[in-house]
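Asks: query07.cif is reproduced below (mmCIF, C-alpha atoms (C1' of nucleotides)).
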data_my_file
#
loop_
_atom_site.label_atom_id
_atom_site.label_comp_id
_atom_site.auth_asym_id
_atom_site.auth_seq_id
_atom_site.Cartn_x
_atom_site.Cartn_y
_atom_site.Cartn_z
CA MET A 268 82.34 37.48 129.51
CA ARG A 269 83.79 34.73 127.31
CA ILE A 270 84.67 35.65 123.73
CA VAL A 271 85.87 32.98 121.31
CA THR A 272 87.34 32.84 117.80
CA TRP A 273 87.19 29.72 115.62
CA ASN A 274 87.99 29.09 111.97
CA ILE A 275 85.49 26.31 111.33
CA ASN A 276 86.36 25.52 107.69
CA GLY A 277 82.79 25.30 106.36
CA ILE A 278 79.65 25.88 108.46
CA LYS A 279 77.72 23.16 106.62
CA ALA A 280 80.29 20.45 107.31
CA ARG A 281 80.93 21.67 110.85
CA LEU A 282 77.39 22.31 112.13
CA PRO A 283 77.18 19.20 114.37
CA VAL A 284 80.53 20.04 115.98
CA ILE A 285 79.56 23.71 116.50
CA LEU A 286 76.18 22.84 118.05
CA THR A 287 77.71 20.29 120.43
CA TRP A 288 80.47 22.69 121.41
CA LEU A 289 78.08 25.63 121.96
CA GLU A 290 75.86 23.49 124.19
CA GLN A 291 78.88 22.41 126.23
CA GLN A 292 80.68 25.74 126.46
CA LYS A 293 77.96 28.40 126.15
CA PRO A 294 80.35 31.27 125.30
CA ASP A 295 78.90 34.79 125.25
CA ILE A 296 80.31 35.55 121.81
CA LEU A 297 81.67 33.15 119.17
CA VAL A 298 83.17 34.56 115.99
CA LEU A 299 83.65 32.27 112.99
CA GLN A 300 85.87 32.39 109.91
CA GLU A 301 85.65 30.40 106.68
CA ILE A 302 81.91 29.81 106.91
CA LYS A 303 82.05 29.12 103.12
CA SER A 304 78.39 30.02 102.82
CA VAL A 305 76.22 32.76 101.46
CA ASP A 306 74.16 34.57 104.11
CA GLU A 307 70.88 32.96 102.93
CA ASN A 308 72.22 29.42 103.46
CA PHE A 309 73.72 29.95 106.93
CA PRO A 310 71.97 27.51 109.33
CA ARG A 311 70.52 30.24 111.54
CA GLU A 312 67.63 28.39 113.18
CA ALA A 313 69.67 25.61 114.80
CA ILE A 314 72.06 28.13 116.36
CA GLU A 315 69.37 30.65 117.32
CA ALA A 316 67.63 27.82 119.16
CA LEU A 317 70.62 27.74 121.53
CA GLY A 318 70.06 31.40 122.40
CA TYR A 319 72.35 33.20 119.96
CA ASN A 320 71.87 36.28 117.82
CA ILE A 321 73.60 35.91 114.44
CA GLU A 322 75.19 38.28 111.96
CA THR A 323 76.93 36.93 108.86
CA HIS A 324 79.05 38.32 106.06
CA GLY A 325 79.33 35.47 103.58
CA GLN A 326 80.11 34.76 99.95
CA LYS A 327 79.73 31.77 97.66
CA GLY A 328 82.21 28.94 98.18
CA PHE A 329 85.06 30.56 100.10
CA ASN A 330 85.93 32.85 102.99
CA GLY A 331 82.98 34.33 104.90
CA VAL A 332 82.78 35.42 108.55
CA ALA A 333 80.06 35.46 111.21
CA ILE A 334 79.40 36.56 114.78
CA LEU A 335 77.18 34.57 117.17
CA SER A 336 76.26 36.42 120.36
CA ARG A 337 74.06 35.95 123.40
CA LEU A 338 74.07 39.75 123.72
CA PRO A 339 72.03 41.79 121.25
CA PHE A 340 73.96 43.65 118.55
CA ASP A 341 73.95 47.44 118.96
CA GLU A 342 75.74 47.90 115.62
CA VAL A 343 77.12 45.72 112.82
CA THR A 344 79.73 46.58 110.17
CA CYS A 345 80.55 44.27 107.24
CA GLY A 346 83.62 44.50 105.02
CA LEU A 347 87.03 46.13 105.33
CA PRO A 348 87.07 49.70 103.97
CA GLY A 349 89.63 50.82 101.41
CA ASP A 350 88.73 48.91 98.24
CA ASP A 351 85.15 48.90 96.97
CA ASP A 352 86.09 46.36 94.29
CA ASP A 353 87.28 43.72 96.78
CA PRO A 354 84.68 40.91 96.68
CA GLN A 355 86.22 38.79 99.47
CA ALA A 356 84.17 38.60 102.70
CA ARG A 357 86.76 38.74 105.47
CA LEU A 358 85.62 41.21 108.16
CA ILE A 359 82.57 41.64 110.34
CA GLU A 360 82.35 43.80 113.45
CA GLY A 361 79.73 43.98 116.18
CA VAL A 362 79.23 46.49 118.99
CA PHE A 363 77.73 45.31 122.27
CA SER A 364 76.78 46.89 125.60
CA HIS A 365 78.11 45.97 129.01
CA SER A 366 77.33 47.58 132.34
CA GLN A 367 80.14 50.17 132.03
CA GLY A 368 79.77 51.03 128.35
CA SER A 369 80.36 49.41 124.99
CA LEU A 370 82.51 46.63 123.61
CA ARG A 371 83.61 46.46 119.98
CA VAL A 372 84.39 43.01 118.56
CA CYS A 373 85.98 42.86 115.11
CA ASN A 374 86.25 39.43 113.48
CA ILE A 375 88.77 39.00 110.65
CA TYR A 376 89.90 36.28 108.24
CA LEU A 377 93.19 37.75 107.09
CA PRO A 378 94.30 36.51 103.64
CA ASN A 379 96.71 33.57 103.57
CA GLY A 380 98.91 35.09 100.85
CA ASN A 381 100.46 31.94 99.39
CA PRO A 382 101.98 31.33 96.98
CA VAL A 383 104.24 34.33 97.53
CA GLU A 384 105.00 34.70 93.80
CA SER A 385 101.29 35.00 92.97
CA GLU A 386 98.94 37.99 93.18
CA LYS A 387 97.73 36.53 96.50
CA PHE A 388 100.74 37.83 98.42
CA PRO A 389 100.43 41.52 97.43
CA TYR A 390 96.70 41.14 98.15
CA LYS A 391 97.56 40.03 101.69
CA LEU A 392 99.96 42.94 102.22
CA ASN A 393 97.48 45.45 100.81
CA TRP A 394 94.72 43.98 102.99
CA MET A 395 96.98 44.44 106.01
CA ASP A 396 97.58 48.09 105.06
CA ARG A 397 93.81 48.60 104.90
CA LEU A 398 93.41 46.83 108.26
CA HIS A 399 96.09 49.07 109.79
CA ALA A 400 94.17 52.21 108.78
CA PHE A 401 90.89 50.69 110.03
CA VAL A 402 92.35 49.71 113.43
CA GLU A 403 94.04 53.09 113.82
CA GLU A 404 90.61 54.71 113.55
CA ARG A 405 89.00 52.25 115.93
CA LEU A 406 91.66 52.79 118.60
CA GLN A 407 90.98 56.53 118.54
CA LEU A 408 87.60 55.68 120.07
CA GLU A 409 89.53 54.72 123.25
CA GLU A 410 87.08 51.96 124.14
CA PRO A 411 87.35 48.22 124.72
CA PHE A 412 88.14 46.83 121.25
CA ILE A 413 88.92 43.21 120.42
CA LEU A 414 90.37 42.36 116.99
CA LEU A 415 90.25 38.60 116.71
CA GLY A 416 90.18 35.82 114.17
CA ASP A 417 92.41 33.87 111.79
CA PHE A 418 95.33 36.24 111.13
CA ASN A 419 97.31 33.78 108.97
CA LEU A 420 100.41 35.13 110.74
CA ILE A 421 102.92 33.23 112.87
CA PRO A 422 104.12 35.90 115.32
CA GLU A 423 107.33 34.28 116.61
CA GLU A 424 109.53 31.19 116.38
CA ILE A 425 107.80 29.62 119.37
CA ASP A 426 104.52 29.72 117.44
CA CYS A 427 105.49 26.99 114.96
CA HIS A 428 106.98 23.53 115.16
CA ALA A 429 109.77 24.00 112.61
CA PRO A 430 110.59 27.71 112.14
CA LYS A 431 113.22 27.03 109.45
CA ASP A 432 110.62 25.20 107.34
CA TRP A 433 108.12 28.04 107.67
CA TRP A 434 110.49 30.94 107.05
CA GLY A 435 109.68 32.42 103.64
CA ASP A 436 106.05 31.30 103.72
CA ALA A 437 103.48 34.11 103.47
CA LEU A 438 102.54 33.37 107.11
CA TYR A 439 106.10 33.85 108.36
CA ARG A 440 108.33 36.14 106.32
CA PRO A 441 109.69 39.66 106.79
CA GLU A 442 107.09 41.63 104.82
CA SER A 443 104.16 39.94 106.59
CA LEU A 444 105.68 40.20 110.05
CA ALA A 445 106.70 43.85 109.60
CA LYS A 446 103.07 44.75 108.91
CA PHE A 447 101.89 42.61 111.82
CA ARG A 448 104.35 44.34 114.19
CA ALA A 449 103.22 47.74 112.88
CA LEU A 450 99.63 46.75 113.67
CA CYS A 451 100.62 45.63 117.18
CA ASN A 452 102.58 48.83 117.69
CA LEU A 453 99.40 50.86 117.29
CA GLY A 454 98.75 49.57 120.80
CA LEU A 455 97.26 46.09 120.50
CA VAL A 456 98.08 43.40 123.05
CA ASP A 457 98.34 39.73 122.00
CA ALA A 458 96.04 38.18 124.61
CA LEU A 459 97.64 34.75 124.62
CA ARG A 460 101.20 36.08 124.94
CA ALA A 461 100.07 38.45 127.68
CA THR A 462 99.12 35.43 129.78
CA THR A 463 101.68 32.70 128.96
CA HIS A 464 105.11 32.07 127.47
CA GLU A 465 104.19 28.46 126.69
CA GLN A 466 103.83 27.11 123.17
CA ALA A 467 100.15 27.10 122.16
CA TYR A 468 99.23 26.06 118.62
CA THR A 469 95.80 26.80 117.14
CA PHE A 470 96.08 25.01 113.77
CA TRP A 471 97.23 21.57 112.69
CA ASP A 472 97.11 20.59 109.00
CA PHE A 473 94.83 17.70 108.01
CA GLN A 474 97.75 16.16 106.15
CA ALA A 475 100.87 14.18 107.00
CA GLY A 476 99.76 13.35 110.54
CA ALA A 477 100.31 16.94 111.62
CA TRP A 478 97.98 16.60 114.64
CA ARG A 479 99.47 13.29 115.75
CA ARG A 480 102.98 14.70 115.47
CA ASN A 481 101.97 18.03 117.04
CA ASN A 482 103.22 19.83 113.96
CA GLY A 483 101.12 22.94 114.53
CA ILE A 484 101.19 26.72 114.26
CA ARG A 485 99.61 29.59 116.22
CA ILE A 486 97.78 31.86 113.80
CA ASP A 487 94.42 32.50 115.51
CA HIS A 488 94.72 35.52 117.76
CA LEU A 489 92.85 37.89 120.07
CA MET A 490 94.41 41.35 119.87
CA LEU A 491 93.26 43.84 122.49
CA SER A 492 93.08 47.59 122.90
CA SER A 493 94.45 48.70 126.26
CA GLN A 494 90.87 49.18 127.51
CA ALA A 495 90.12 45.54 126.66
CA ALA A 496 93.50 44.23 127.87
CA ASP A 497 92.83 45.78 131.29
CA ARG A 498 89.79 43.47 131.59
CA LEU A 499 91.48 40.28 130.38
CA GLU A 500 91.34 37.46 132.92
CA GLU A 501 92.34 34.30 131.06
CA VAL A 502 93.05 32.85 127.62
CA LYS A 503 92.18 29.27 126.78
CA VAL A 504 92.99 27.29 123.63
CA HIS A 505 90.31 24.62 123.18
CA LYS A 506 92.78 22.07 121.84
CA ASP A 507 90.48 19.12 122.60
CA VAL A 508 88.14 19.91 119.70
CA ARG A 509 90.89 19.05 117.19
CA ALA A 510 90.48 15.37 118.19
CA TRP A 511 86.68 15.31 117.73
CA GLU A 512 84.95 13.57 114.82
CA LYS A 513 85.10 15.67 111.64
CA PRO A 514 87.06 18.51 113.23
CA SER A 515 88.15 21.79 111.68
CA ASP A 516 91.90 22.12 111.17
CA HIS A 517 91.76 25.12 113.55
CA VAL A 518 90.66 25.07 117.20
CA ALA A 519 88.68 27.61 119.23
CA VAL A 520 90.61 30.25 121.18
CA GLU A 521 88.83 31.93 124.09
CA GLY A 522 89.45 35.13 126.02
CA ARG A 523 87.68 35.64 129.35
CA PHE A 524 87.07 39.26 130.35
CA ASP A 525 85.49 40.89 133.39
CA PHE A 526 82.91 42.88 131.42
CA GLN A 527 79.56 42.52 133.17
CA THR A 528 76.47 42.16 131.02
CA PRO A 529 73.77 44.76 131.73
"C1'" DA B 114 105.60 16.55 100.46
"C1'" DT B 115 104.62 23.53 95.62
"C1'" DG B 116 98.43 19.64 98.62
"C1'" DC B 117 99.70 13.66 101.61
"C1'" DC B 118 93.54 15.87 103.64
"C1'" DG B 119 89.29 18.01 103.53
"C1'" DG B 120 85.58 21.29 102.04
"C1'" DG B 121 83.63 23.88 98.28
"C1'" DT B 122 80.96 23.51 93.71
"C1'" DA B 123 78.40 20.49 91.27
"C1'" DC B 124 78.26 15.50 89.63
"C1'" DG B 125 83.79 15.05 87.13
"C1'" DA B 126 87.42 17.22 88.43
"C1'" DC B 127 89.04 21.53 89.79
"C1'" DC B 128 89.65 25.44 93.12
"C1'" DC B 129 91.16 26.58 97.62
"C1'" DG B 130 93.46 26.31 102.09
"C1'" DA B 131 98.39 26.97 105.42
#
Could you spell out this file's structure in structure tokens?

Replies:
Amino acid sequence: MRIVTWNINGIKARLPVILTWLEQQKPDILVLQEIKSVDENFPREAIEALGYNIETHGQKGFNGVAILSRLPFDEVTCGLPGDDDDPQARLIEGVFSHSQGSLRVCNIYLPNGNPVESEKFPYKLNWMDRLHAFVEERLQLEEPFILLGDFNLIPEEIDCHAPKDWWGDALYRPESLAKFRALCNLGLVDALRATTHEQAYTFWDFQAGAWRRNNGIRIDHLMLSSQAADRLEEVKVHKDVRAWEKPSDHVAVEGRFDFQTP
DNA sequence: ATGCCGGGTACGACCCGA
């Protein structure tokens, strides 16, 4: 089973790229961040025509997440618990069946948090506290669980081109990384780092020739419960899509697992 | 380089992203 995360930076602007890529790659599950669309305007028909079930959790203008799946959804959860007044659409989770049981796939768009002096940074840290509590509960289920998406976190020096330039940014500073490590220490495995020690960026800024100069960062992750990590076969960063016409600034990151569909 | 590009809203010019 192939499960992919991709921050597509606007579903409307990216639809041709997504459709072409889905036809080529045919992943079992594709989770999207930054759909920047309300649920009613999500282009369902074109994607359903390729054989996908769709669940969205959108909002007007910004953020928004979605799950596309060849498998039927057994359950869907929208929104991160812990603050009923939070209007930002940043989490959607689906539960699916495989031949040995269930698989829980939780798609997140973790807040960026910049600028650090603004209210956006404490929002990020608070969101991570809420995520920690949520994941702690999920792991108690002791089932295959995949937490994936745009984490807006650079885990280590190797995951950015110029660590000294990034240090202090909301994506790479002590408070953010301490919470990320605490999350990992609940028992989540970073799928890419479990399979390679090589540098593997997932984002290159549109500006300043970042792609041409390979000035990238790794912030899109698949984090696995032990029950999911035991089934991990391969991780692939679909770097080629960054060079397509009208690309997103992020690329797709795929985990291949040996779950068999019923 | 505290926004150079690119997408959003909405139709002029800001907001937002990493």

Asks: List the neighbours of DC128 in chain B out to 12 Å using only C-alpha atoms (C1' of nucleotides); skip same-chain residues closer than 6 positions along the sequence, and give me the result as a PyMOL selection string.

Replies: (chain A and resi 328-329) or (chain B and resi 116+120-122)

Asks: Just the number, please: distance in Å from CA of Glu500 in chain A to CA of Phe524 in chain A, one decimal.

Replies: 5.3 Å

Asks: Against chain B, which residues of chain A fall within 7 Å? For each one I want the closest pair of atoms and the distance in Å (one decimal), counting only C-alpha atoms (C1' of nucleotides), rows by chain and increasing residue number, as JSON lines.

Replies:
{"residue": "A:Gly277", "atom": "CA", "partner": "B:DG120", "partner_atom": "C1'", "distance": 6.5}
{"residue": "A:Gly328", "atom": "CA", "partner": "B:DG121", "partner_atom": "C1'", "distance": 5.3}
{"residue": "A:Phe473", "atom": "CA", "partner": "B:DC118", "partner_atom": "C1'", "distance": 4.9}
{"residue": "A:Gln474", "atom": "CA", "partner": "B:DC118", "partner_atom": "C1'", "distance": 4.9}
{"residue": "A:Ala475", "atom": "CA", "partner": "B:DC117", "partner_atom": "C1'", "distance": 5.5}

Asks: Quote the spacing between CA of Ile321 in chain A and CA of Ala333 in chain A in Å to one decimal place.

Replies: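 Here the two named atoms are 7.2 Å from each other.
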
Asks: Which value, in Å to one decimal, gives the distance between CA of Trp433 in chain A and CA of Ile421 in chain A?

Replies: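 The value is 9.0 Å.
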